[in-house]
Amino acid sequence: MKCLLVTSESAELLFYWTDPEFEQTIQEQYGASQEEGQRPPAFEDSISTRFAPIIISCSSMIDRIDDCYTSFTTENNHVYVLHQFDECLYIAMSGDGDEKDEDLRRKIYVVKKLLEVHFGVVTLSSSHLKRELRPQDTDQRNRLWKKLQGLLGTYSQLREQDQSFLVEAVERLIHPTLCEQCIEFLERRLVHQINSSPERAGEEVLHAFILVHTKLLAFYSSRNASTLTSSDLLALILMVQDRYPSSDLEEQLSEHVEKTSVPEVFYTPEPSPTVSSGTGSGEESQTPIFQFVDPDIQMAEDSLQTLVVPPPDPANPTRVFLEATIKEGYCPMMPHNMYSLQLWPGITLVLLTKIPSSQVAISIYYFLDTLANLEKRLGEGAEGSSAPRSPLPLQDFRSKMDKFTRALSGNDVQTSLLQSTWTEFKNKAFSRGGPGVSRELLPSCRNMKTQLCGLYRQWFVTESAETQRLAPSLQDRSVALVQEKLVDWKDFLLVKSKRNITMVSYLEDFPGLIHFIYVDRTAGQMIAPSFNVTDHSELGSGPLPHFIKGKVWSLVGTSRHYLQKGYSTATFRDGDYYFCYFLWFENETGYKLDVRDLPILLEDSAPIGMLAWDYYRKLLRYYSKYHSGEVVKCYELLTVHLGVIPSDYVLQHCCQLARKLWEPSRIPLL
């Protein structure tokens with residue numbers, strides 16, 4: 001029984017996600033309390049009522065002591081985790097014991113990441129974010145919530161089934177020859193053809209990659225593109241998987257693997273004779289007609305039809321906001337258009353394009369960042385009382401903002417609001433009669449940030465934003481081009497995605513080794529034997545594959561717990577198994593660097609990973625301070641051995657395995 005919701009400080013529901021068990025519990029609790037003949041309350045109202053005491057209690061604590069509880073457990077062992085981001089409260093609940101505090105906290109941060117990918121800089125303004133999460137139009141709100149609910153459900157499923165989402169690193173298909181051929185093809189044929197076409201409507205392909213289910217086959221970035229971070233790439237893979245779920249393909253894959261078996265033929269009995277007033281075609285006359293005669297049943301059927309969200313047009317891009325550092329500047333949420341073009345079921349081509357007005361996003365973020373720094377300094381009392389140690393470039397900010405507001409065309413309300421707010425800010429900050437750069441400028445700073453976020457929302461987020469896109473005919477030609485390249489590899493790739501690496505090739509060199517996960521945290525990529533829990537598993541049949549899978553998932557959680565405490569190495573026995581976890585640093589040549597004390601994180605800190613919060617990027621920055629002038633790389637290795645193997649041999653295996661895996665990890669993909 002699980003639930004997650006986002007609310008405002010006034011207990012207004014902004015978004016919710018529940019599993020079927022929790023939804024049934026809510027309906028039984030609040031539906032049964034209604035008098036006979038009355039309609040039950042809407043589910044949205046019921047869930048708001050259920051969580052209202054927690055929300056009000058949390059808001060009161062923040063108002064009075066500027067702090068709030070982050071988690072608690074009720075008498076019936078329901079676990080609640082809360083986190084306040086600006087004016088929005090995130091609450092995650094688990095009532096079945098499957099998820100602990102860390103799991104719920106991770107889910108909260110994943111939702112925050114998904115909102116940033118969907119709304120960009122708008123998430124920096126609580127007022128605008130509330131407006132986006134809860135549109136006035138009911139149909140629009142239902143479409144948005146269904147989309148976010150689907151993404152969160154897909155994430156939960158992938159985290160339980162896919163090792164790449166378990167450790168939050170991209171898994172590649174291991175076939176060096178094909179990978180290099182595909183990278184060259186993307187660069188010289190596909191991207192060149194699109195970017196030189198007059199049908200691209202001003203867009204430019206920055207990144208192109210091919211996915212086989214959740215695994216990366218090939219990735220290409222143009223020369224003037226920013227590096228795509230591992231966090232953003234994982235979020236995009238999640239979105240593609242939500243749009244084209246792999247679960248629908250299990251039956252197709254089974255048929256492909258066992259295609260030599262004799263197909264079964266099923267016969268449908270003839271329908272009962274029906275009275276017809278006229279004669280028609282033979283096929284139509286034999287089709288039985290079913291009709292609901294109960295009006296209540298028909299009304300329920302109509303109500304269900306209204307909840308169905310139509311699938312998006314594949315030719316329409318999805319607006320996503322990704323981190324980018326280019327020569328014009330830095331923006332943590334740069335608008336891109338994302339095209340998810342399905343080649344075959346399970347194989348997808350993804351294109352990320354630069355939109356013509358992206359320079360506006362860089363300018364807006366520069367202004368927001370400058371205002372945030374000014375607001376921080378004013379809040380600390382640095383300005384007005386004493387000269388700041390490093391003066392903010394307010395004159396440069398003023399000249400750029402003047403130029404920016406003059407360049408804005410149109411007489412829309414948002415542009416007028418920004419221009420008037422900027423005039424008011426200048427009068428207070430720079431005129432002789434104003435208060436100058438002092439604490440009295442704080443309200444104007446906040447108002448400026450709100451108006452800038454509103455302008456960003458108008459340019460990039462609303463449905464009335466730019467409608468330019470790659471022509472459908474250009475998209476079709478791109479799909480045909482890649483299909484022609486991969487048509488002979490299609491079946492191989494689908495099977496390879498389920499059998500990427502097998503343990504058989506490692507058993508001879510490492511007897512007693514059951515499983516391992518090797519992660520290059522610098523590149524955000526991982527290597528691990530495929531985990532198959534079907535009847536064809538290498539681990540045998542029956543409950544053993546599921547048991548080993550549970551142990552591996554538990555090992556990842558335990559290793560994160562020790563890493564949070566500052567430990568880079570952990571070895572321990574659990575029944576008949578021996579588990580090892582190692583984190584270490586190397587330079588570019590593979591030389592292992594000296595061990596340093598890792599920072600210790602608080603219990604309620606952001607979860608360790610790369611999807612929701614890139615812990616390893618911060619860890620690399622921390623460690624690089626002690627190795628200036630060197631390129632520092634970070635690696636992780638998790639192993640599971642049989643418990644009868646002596647510990648000395650286990651540690652020797654781990655060292656040899658890390659050396660063996662070092663070379664394959666250099667396959668040029670990113």
# chains A, B, ... in the order shown; residues from 1 in each chain; ligands from 1
>>> residues_around(residues="A:Leu151", least_positions_apart="2", cutoff="9 Å", atoms="only C-alpha atoms", output="VMD selection string")
chain A and resid 111 114 146 to 149 153 to 156 238 to 239 241 to 243
>>> closest_residue(among="A:Asn316, A:Ser568, A:Thr227, A:Gln342", to="A:Pro472", atoms="only C-alpha atoms")
A:Asn316
>>> residues_around(residues="stretch 590-602 of chain A", least_positions_apart="3", cutoff="7 Å", atoms="only C-alpha atoms", output="list in words")
Gln564, Lys565, Gly566, Tyr567, Phe585, Glu586, Asn587 and Ser605 of chain A
>>> closest_residue(among="A:Ala218, A:Leu234, A:Cys88, A:Leu82", to="A:Ser125", atoms="only C-alpha atoms")
A:Cys88
>>> closest_atom_pairs(of="stretch 310-399 of chain A", to="stretch 473-489 of chain A", cutoff="8 Å", atoms="only C-alpha atoms", output="JSON lines")
{"residue": "A:Ala315", "atom": "CA", "partner": "A:Gln475", "partner_atom": "CA", "distance": 7.3}
{"residue": "A:Leu341", "atom": "CA", "partner": "A:Val479", "partner_atom": "CA", "distance": 6.9}
{"residue": "A:Gln342", "atom": "CA", "partner": "A:Val479", "partner_atom": "CA", "distance": 7.8}
{"residue": "A:Leu343", "atom": "CA", "partner": "A:Gln483", "partner_atom": "CA", "distance": 6.2}
{"residue": "A:Leu349", "atom": "CA", "partner": "A:Val479", "partner_atom": "CA", "distance": 7.6}
>>> write_last_selection(atoms="C-alpha atoms", output="mmCIF file, in the first residue's frame")
data_model
loop_
_atom_site.group_PDB
_atom_site.id
_atom_site.type_symbol
_atom_site.label_atom_id
_atom_site.label_comp_id
_atom_site.auth_asym_id
_atom_site.auth_seq_id
_atom_site.Cartn_x
_atom_site.Cartn_y
_atom_site.Cartn_z
ATOM 1 C CA ALA A 315 5.498 13.249 -34.512
ATOM 2 C CA LEU A 341 10.897 7.460 -32.631
ATOM 3 C CA GLN A 342 10.152 3.762 -32.295
ATOM 4 C CA LEU A 343 12.049 1.703 -34.860
ATOM 5 C CA LEU A 349 15.734 6.221 -31.725
#
>>> atom_distance(atom1="atom CA of A:Leu455", atom2="atom CA of A:Pro332")
16.9 Å
>>> select_by_dssp(residues="stretch 429-486 of chain A", states="alpha helix (DSSP H)", output="ChimeraX atom specification")
/A:429,442-456,472-486
>>> closest_residue(among="A:Leu555, A:Cys58, A:Cys3, A:Leu661", to="A:Ile501", atoms="only C-alpha atoms")
A:Leu661
>>> residues_around(residues="A:Leu124", least_positions_apart="3", cutoff="10 Å", atoms="only C-alpha atoms", output="list in words")
Phe85, Asp86, Glu116, Phe119, Gly120, Val121, Ser127, His128, Leu129, Leu368, Lys449, Thr450 and Cys453 of chain A
>>> write_last_selection(atoms="C-alpha atoms", output="mmCIF file, in the first residue's frame")
data_model
loop_
_atom_site.group_PDB
_atom_site.id
_atom_site.type_symbol
_atom_site.label_atom_id
_atom_site.label_comp_id
_atom_site.auth_asym_id
_atom_site.auth_seq_id
_atom_site.Cartn_x
_atom_site.Cartn_y
_atom_site.Cartn_z
ATOM 1 C CA PHE A 85 10.842 22.210 -1.167
ATOM 2 C CA ASP A 86 10.111 25.932 -0.997
ATOM 3 C CA GLU A 116 12.423 19.823 -13.267
ATOM 4 C CA PHE A 119 8.869 22.382 -16.232
ATOM 5 C CA GLY A 120 12.455 23.647 -16.119
ATOM 6 C CA VAL A 121 13.187 26.945 -14.366
ATOM 7 C CA SER A 127 3.598 30.140 -7.363
ATOM 8 C CA HIS A 128 4.179 29.251 -11.022
ATOM 9 C CA LEU A 129 4.877 25.588 -10.218
ATOM 10 C CA LEU A 368 17.746 34.507 -11.805
ATOM 11 C CA LYS A 449 12.486 36.302 -9.825
ATOM 12 C CA THR A 450 8.761 35.533 -9.987
ATOM 13 C CA CYS A 453 10.046 32.577 -14.094
#
>>> residues_around(residues="A:Lys100", least_positions_apart="6", cutoff="12 Å", atoms="only C-alpha atoms", output="list of chain:residue names")
A:Lys2, A:Ser71, A:Phe72, A:Thr73, A:Asn77, A:His78, A:Val79, A:Tyr80, A:Val81, A:Ala92, A:Met93, A:Ser94, A:Arg106, A:Lys107, A:Ser554, A:Gly557
>>> write_last_selection(atoms="N, CA and C atoms", output="mmCIF file, in the first residue's frame")
data_model
loop_
_atom_site.group_PDB
_atom_site.id
_atom_site.type_symbol
_atom_site.label_atom_id
_atom_site.label_comp_id
_atom_site.auth_asym_id
_atom_site.auth_seq_id
_atom_site.Cartn_x
_atom_site.Cartn_y
_atom_site.Cartn_z
ATOM 1 N N LYS A 2 0.916 1.951 -1.116
ATOM 2 C CA LYS A 2 1.852 3.058 -1.283
ATOM 3 C C LYS A 2 1.134 4.290 -1.811
ATOM 4 N N SER A 71 10.298 12.231 8.984
ATOM 5 C CA SER A 71 9.721 10.894 8.834
ATOM 6 C C SER A 71 9.136 10.450 10.156
ATOM 7 N N PHE A 72 8.163 9.558 10.095
ATOM 8 C CA PHE A 72 7.599 8.950 11.303
ATOM 9 C C PHE A 72 6.914 7.644 10.918
ATOM 10 N N THR A 73 6.703 6.797 11.898
ATOM 11 C CA THR A 73 6.044 5.507 11.705
ATOM 12 C C THR A 73 4.843 5.428 12.628
ATOM 13 N N ASN A 77 2.470 0.497 11.650
ATOM 14 C CA ASN A 77 3.713 0.327 10.881
ATOM 15 C C ASN A 77 3.654 0.948 9.487
ATOM 16 N N HIS A 78 2.848 1.981 9.326
ATOM 17 C CA HIS A 78 2.879 2.761 8.093
ATOM 18 C C HIS A 78 3.997 3.794 8.209
ATOM 19 N N VAL A 79 4.875 3.849 7.193
ATOM 20 C CA VAL A 79 6.027 4.751 7.214
ATOM 21 C C VAL A 79 5.709 5.974 6.365
ATOM 22 N N TYR A 80 5.956 7.156 6.930
ATOM 23 C CA TYR A 80 5.734 8.424 6.229
ATOM 24 C C TYR A 80 7.064 9.178 6.162
ATOM 25 N N VAL A 81 7.368 9.726 4.978
ATOM 26 C CA VAL A 81 8.543 10.574 4.794
ATOM 27 C C VAL A 81 8.076 11.887 4.183
ATOM 28 N N ALA A 92 5.533 10.945 1.096
ATOM 29 C CA ALA A 92 5.536 9.574 0.572
ATOM 30 C C ALA A 92 5.189 8.624 1.703
ATOM 31 N N MET A 93 4.349 7.639 1.415
ATOM 32 C CA MET A 93 3.876 6.711 2.444
ATOM 33 C C MET A 93 3.952 5.280 1.929
ATOM 34 N N SER A 94 4.333 4.365 2.826
ATOM 35 C CA SER A 94 4.331 2.939 2.506
ATOM 36 C C SER A 94 3.721 2.191 3.674
ATOM 37 N N ARG A 106 13.996 8.643 -1.669
ATOM 38 C CA ARG A 106 14.479 8.589 -3.053
ATOM 39 C C ARG A 106 13.331 8.842 -4.026
ATOM 40 N N LYS A 107 12.182 8.286 -3.742
ATOM 41 C CA LYS A 107 11.035 8.481 -4.621
ATOM 42 C C LYS A 107 10.620 9.952 -4.667
ATOM 43 N N SER A 554 19.235 -6.058 -1.886
ATOM 44 C CA SER A 554 19.523 -5.709 -0.490
ATOM 45 C C SER A 554 20.964 -5.236 -0.327
ATOM 46 N N GLY A 557 21.319 -1.559 -1.226
ATOM 47 C CA GLY A 557 20.844 -0.698 -0.157
ATOM 48 C C GLY A 557 21.812 -0.638 1.013
#
>>> residues_around(residues="A:Leu352", least_positions_apart="6", cutoff="12 Å", atoms="only C-alpha atoms", output="ChimeraX atom specification")
/A:191,194-195,203-210,219-222,225-226,228,232-233,236,317-322,334-341,469-470
>>> residues_around(residues="stretch 609-611 of chain A", least_positions_apart="4", cutoff="9 Å", atoms="only C-alpha atoms", output="VMD selection string")
chain A and resid 106 109 to 110 113 165 167 to 169 230 to 235 521 524 560 615 to 617
>>> write_last_selection(atoms="N, CA, C and O atoms", output="PDB file, in the first residue's frame")
ATOM      1  N   ARG A 106      13.996   8.643  -1.669  1.00  0.00           N
ATOM      2  CA  ARG A 106      14.479   8.589  -3.053  1.00  0.00           C
ATOM      3  C   ARG A 106      13.331   8.842  -4.026  1.00  0.00           C
ATOM      4  O   ARG A 106      13.497   9.554  -5.033  1.00  0.00           O
ATOM      5  N   TYR A 109      12.619  12.546  -4.267  1.00  0.00           N
ATOM      6  CA  TYR A 109      13.604  13.268  -5.067  1.00  0.00           C
ATOM      7  C   TYR A 109      13.469  12.932  -6.555  1.00  0.00           C
ATOM      8  O   TYR A 109      13.761  13.779  -7.412  1.00  0.00           O
ATOM      9  N   VAL A 110      13.044  11.729  -6.878  1.00  0.00           N
ATOM     10  CA  VAL A 110      12.818  11.378  -8.283  1.00  0.00           C
ATOM     11  C   VAL A 110      11.659  12.198  -8.843  1.00  0.00           C
ATOM     12  O   VAL A 110      11.727  12.696  -9.981  1.00  0.00           O
ATOM     13  N   LYS A 113      12.909  15.581  -9.569  1.00  0.00           N
ATOM     14  CA  LYS A 113      13.705  15.568 -10.796  1.00  0.00           C
ATOM     15  C   LYS A 113      12.804  15.556 -12.031  1.00  0.00           C
ATOM     16  O   LYS A 113      13.055  16.283 -13.015  1.00  0.00           O
ATOM     17  N   PHE A 165      18.583   0.924 -13.128  1.00  0.00           N
ATOM     18  CA  PHE A 165      17.834   1.870 -12.296  1.00  0.00           C
ATOM     19  C   PHE A 165      18.003   1.554 -10.816  1.00  0.00           C
ATOM     20  O   PHE A 165      17.764   2.411  -9.972  1.00  0.00           O
ATOM     21  N   VAL A 167      21.040   0.801  -9.445  1.00  0.00           N
ATOM     22  CA  VAL A 167      22.273   1.514  -9.078  1.00  0.00           C
ATOM     23  C   VAL A 167      22.339   2.895  -9.708  1.00  0.00           C
ATOM     24  O   VAL A 167      23.286   3.646  -9.466  1.00  0.00           O
ATOM     25  N   GLU A 168      21.344   3.245 -10.533  1.00  0.00           N
ATOM     26  CA  GLU A 168      21.246   4.553 -11.178  1.00  0.00           C
ATOM     27  C   GLU A 168      22.491   4.848 -12.023  1.00  0.00           C
ATOM     28  O   GLU A 168      23.239   5.789 -11.785  1.00  0.00           O
ATOM     29  N   ALA A 169      22.691   3.989 -13.013  1.00  0.00           N
ATOM     30  CA  ALA A 169      23.756   4.172 -13.996  1.00  0.00           C
ATOM     31  C   ALA A 169      23.290   3.534 -15.302  1.00  0.00           C
ATOM     32  O   ALA A 169      22.497   2.585 -15.295  1.00  0.00           O
ATOM     33  N   SER A 230      24.559  12.147 -16.704  1.00  0.00           N
ATOM     34  CA  SER A 230      23.987  10.822 -16.438  1.00  0.00           C
ATOM     35  C   SER A 230      22.600  10.939 -15.837  1.00  0.00           C
ATOM     36  O   SER A 230      21.712  10.131 -16.133  1.00  0.00           O
ATOM     37  N   SER A 231      22.396  11.940 -14.991  1.00  0.00           N
ATOM     38  CA  SER A 231      21.084  12.150 -14.385  1.00  0.00           C
ATOM     39  C   SER A 231      20.028  12.413 -15.447  1.00  0.00           C
ATOM     40  O   SER A 231      18.941  11.815 -15.429  1.00  0.00           O
ATOM     41  N   ASP A 232      20.339  13.302 -16.401  1.00  0.00           N
ATOM     42  CA  ASP A 232      19.379  13.617 -17.457  1.00  0.00           C
ATOM     43  C   ASP A 232      19.165  12.427 -18.380  1.00  0.00           C
ATOM     44  O   ASP A 232      18.032  12.163 -18.813  1.00  0.00           O
ATOM     45  N   LEU A 233      20.235  11.691 -18.709  1.00  0.00           N
ATOM     46  CA  LEU A 233      20.101  10.545 -19.599  1.00  0.00           C
ATOM     47  C   LEU A 233      19.221   9.467 -18.978  1.00  0.00           C
ATOM     48  O   LEU A 233      18.368   8.870 -19.650  1.00  0.00           O
ATOM     49  N   LEU A 234      19.387   9.213 -17.694  1.00  0.00           N
ATOM     50  CA  LEU A 234      18.526   8.239 -17.017  1.00  0.00           C
ATOM     51  C   LEU A 234      17.072   8.690 -17.023  1.00  0.00           C
ATOM     52  O   LEU A 234      16.157   7.873 -17.220  1.00  0.00           O
ATOM     53  N   ALA A 235      16.843   9.994 -16.814  1.00  0.00           N
ATOM     54  CA  ALA A 235      15.474  10.507 -16.841  1.00  0.00           C
ATOM     55  C   ALA A 235      14.856  10.346 -18.230  1.00  0.00           C
ATOM     56  O   ALA A 235      13.668   9.999 -18.356  1.00  0.00           O
ATOM     57  N   ARG A 521      31.435   5.537 -12.186  1.00  0.00           N
ATOM     58  CA  ARG A 521      30.633   6.679 -11.752  1.00  0.00           C
ATOM     59  C   ARG A 521      31.028   7.970 -12.458  1.00  0.00           C
ATOM     60  O   ARG A 521      30.249   8.922 -12.467  1.00  0.00           O
ATOM     61  N   GLY A 524      29.049   7.414 -15.533  1.00  0.00           N
ATOM     62  CA  GLY A 524      27.660   7.079 -15.231  1.00  0.00           C
ATOM     63  C   GLY A 524      27.184   5.826 -15.930  1.00  0.00           C
ATOM     64  O   GLY A 524      26.016   5.738 -16.313  1.00  0.00           O
ATOM     65  N   ARG A 560      24.896   1.508   0.181  1.00  0.00           N
ATOM     66  CA  ARG A 560      24.593   2.939   0.260  1.00  0.00           C
ATOM     67  C   ARG A 560      24.548   3.412   1.708  1.00  0.00           C
ATOM     68  O   ARG A 560      24.943   4.543   2.019  1.00  0.00           O
ATOM     69  N   TYR A 615      25.062  12.462  -6.358  1.00  0.00           N
ATOM     70  CA  TYR A 615      25.993  12.390  -5.236  1.00  0.00           C
ATOM     71  C   TYR A 615      27.428  12.201  -5.705  1.00  0.00           C
ATOM     72  O   TYR A 615      28.364  12.787  -5.158  1.00  0.00           O
ATOM     73  N   TYR A 616      27.619  11.397  -6.751  1.00  0.00           N
ATOM     74  CA  TYR A 616      28.968  11.041  -7.180  1.00  0.00           C
ATOM     75  C   TYR A 616      29.673  12.211  -7.859  1.00  0.00           C
ATOM     76  O   TYR A 616      30.899  12.313  -7.806  1.00  0.00           O
ATOM     77  N   ARG A 617      28.939  13.086  -8.491  1.00  0.00           N
ATOM     78  CA  ARG A 617      29.567  14.276  -9.062  1.00  0.00           C
ATOM     79  C   ARG A 617      30.132  15.160  -7.949  1.00  0.00           C
ATOM     80  O   ARG A 617      31.252  15.666  -8.048  1.00  0.00           O
TER      81      ARG A 617
END
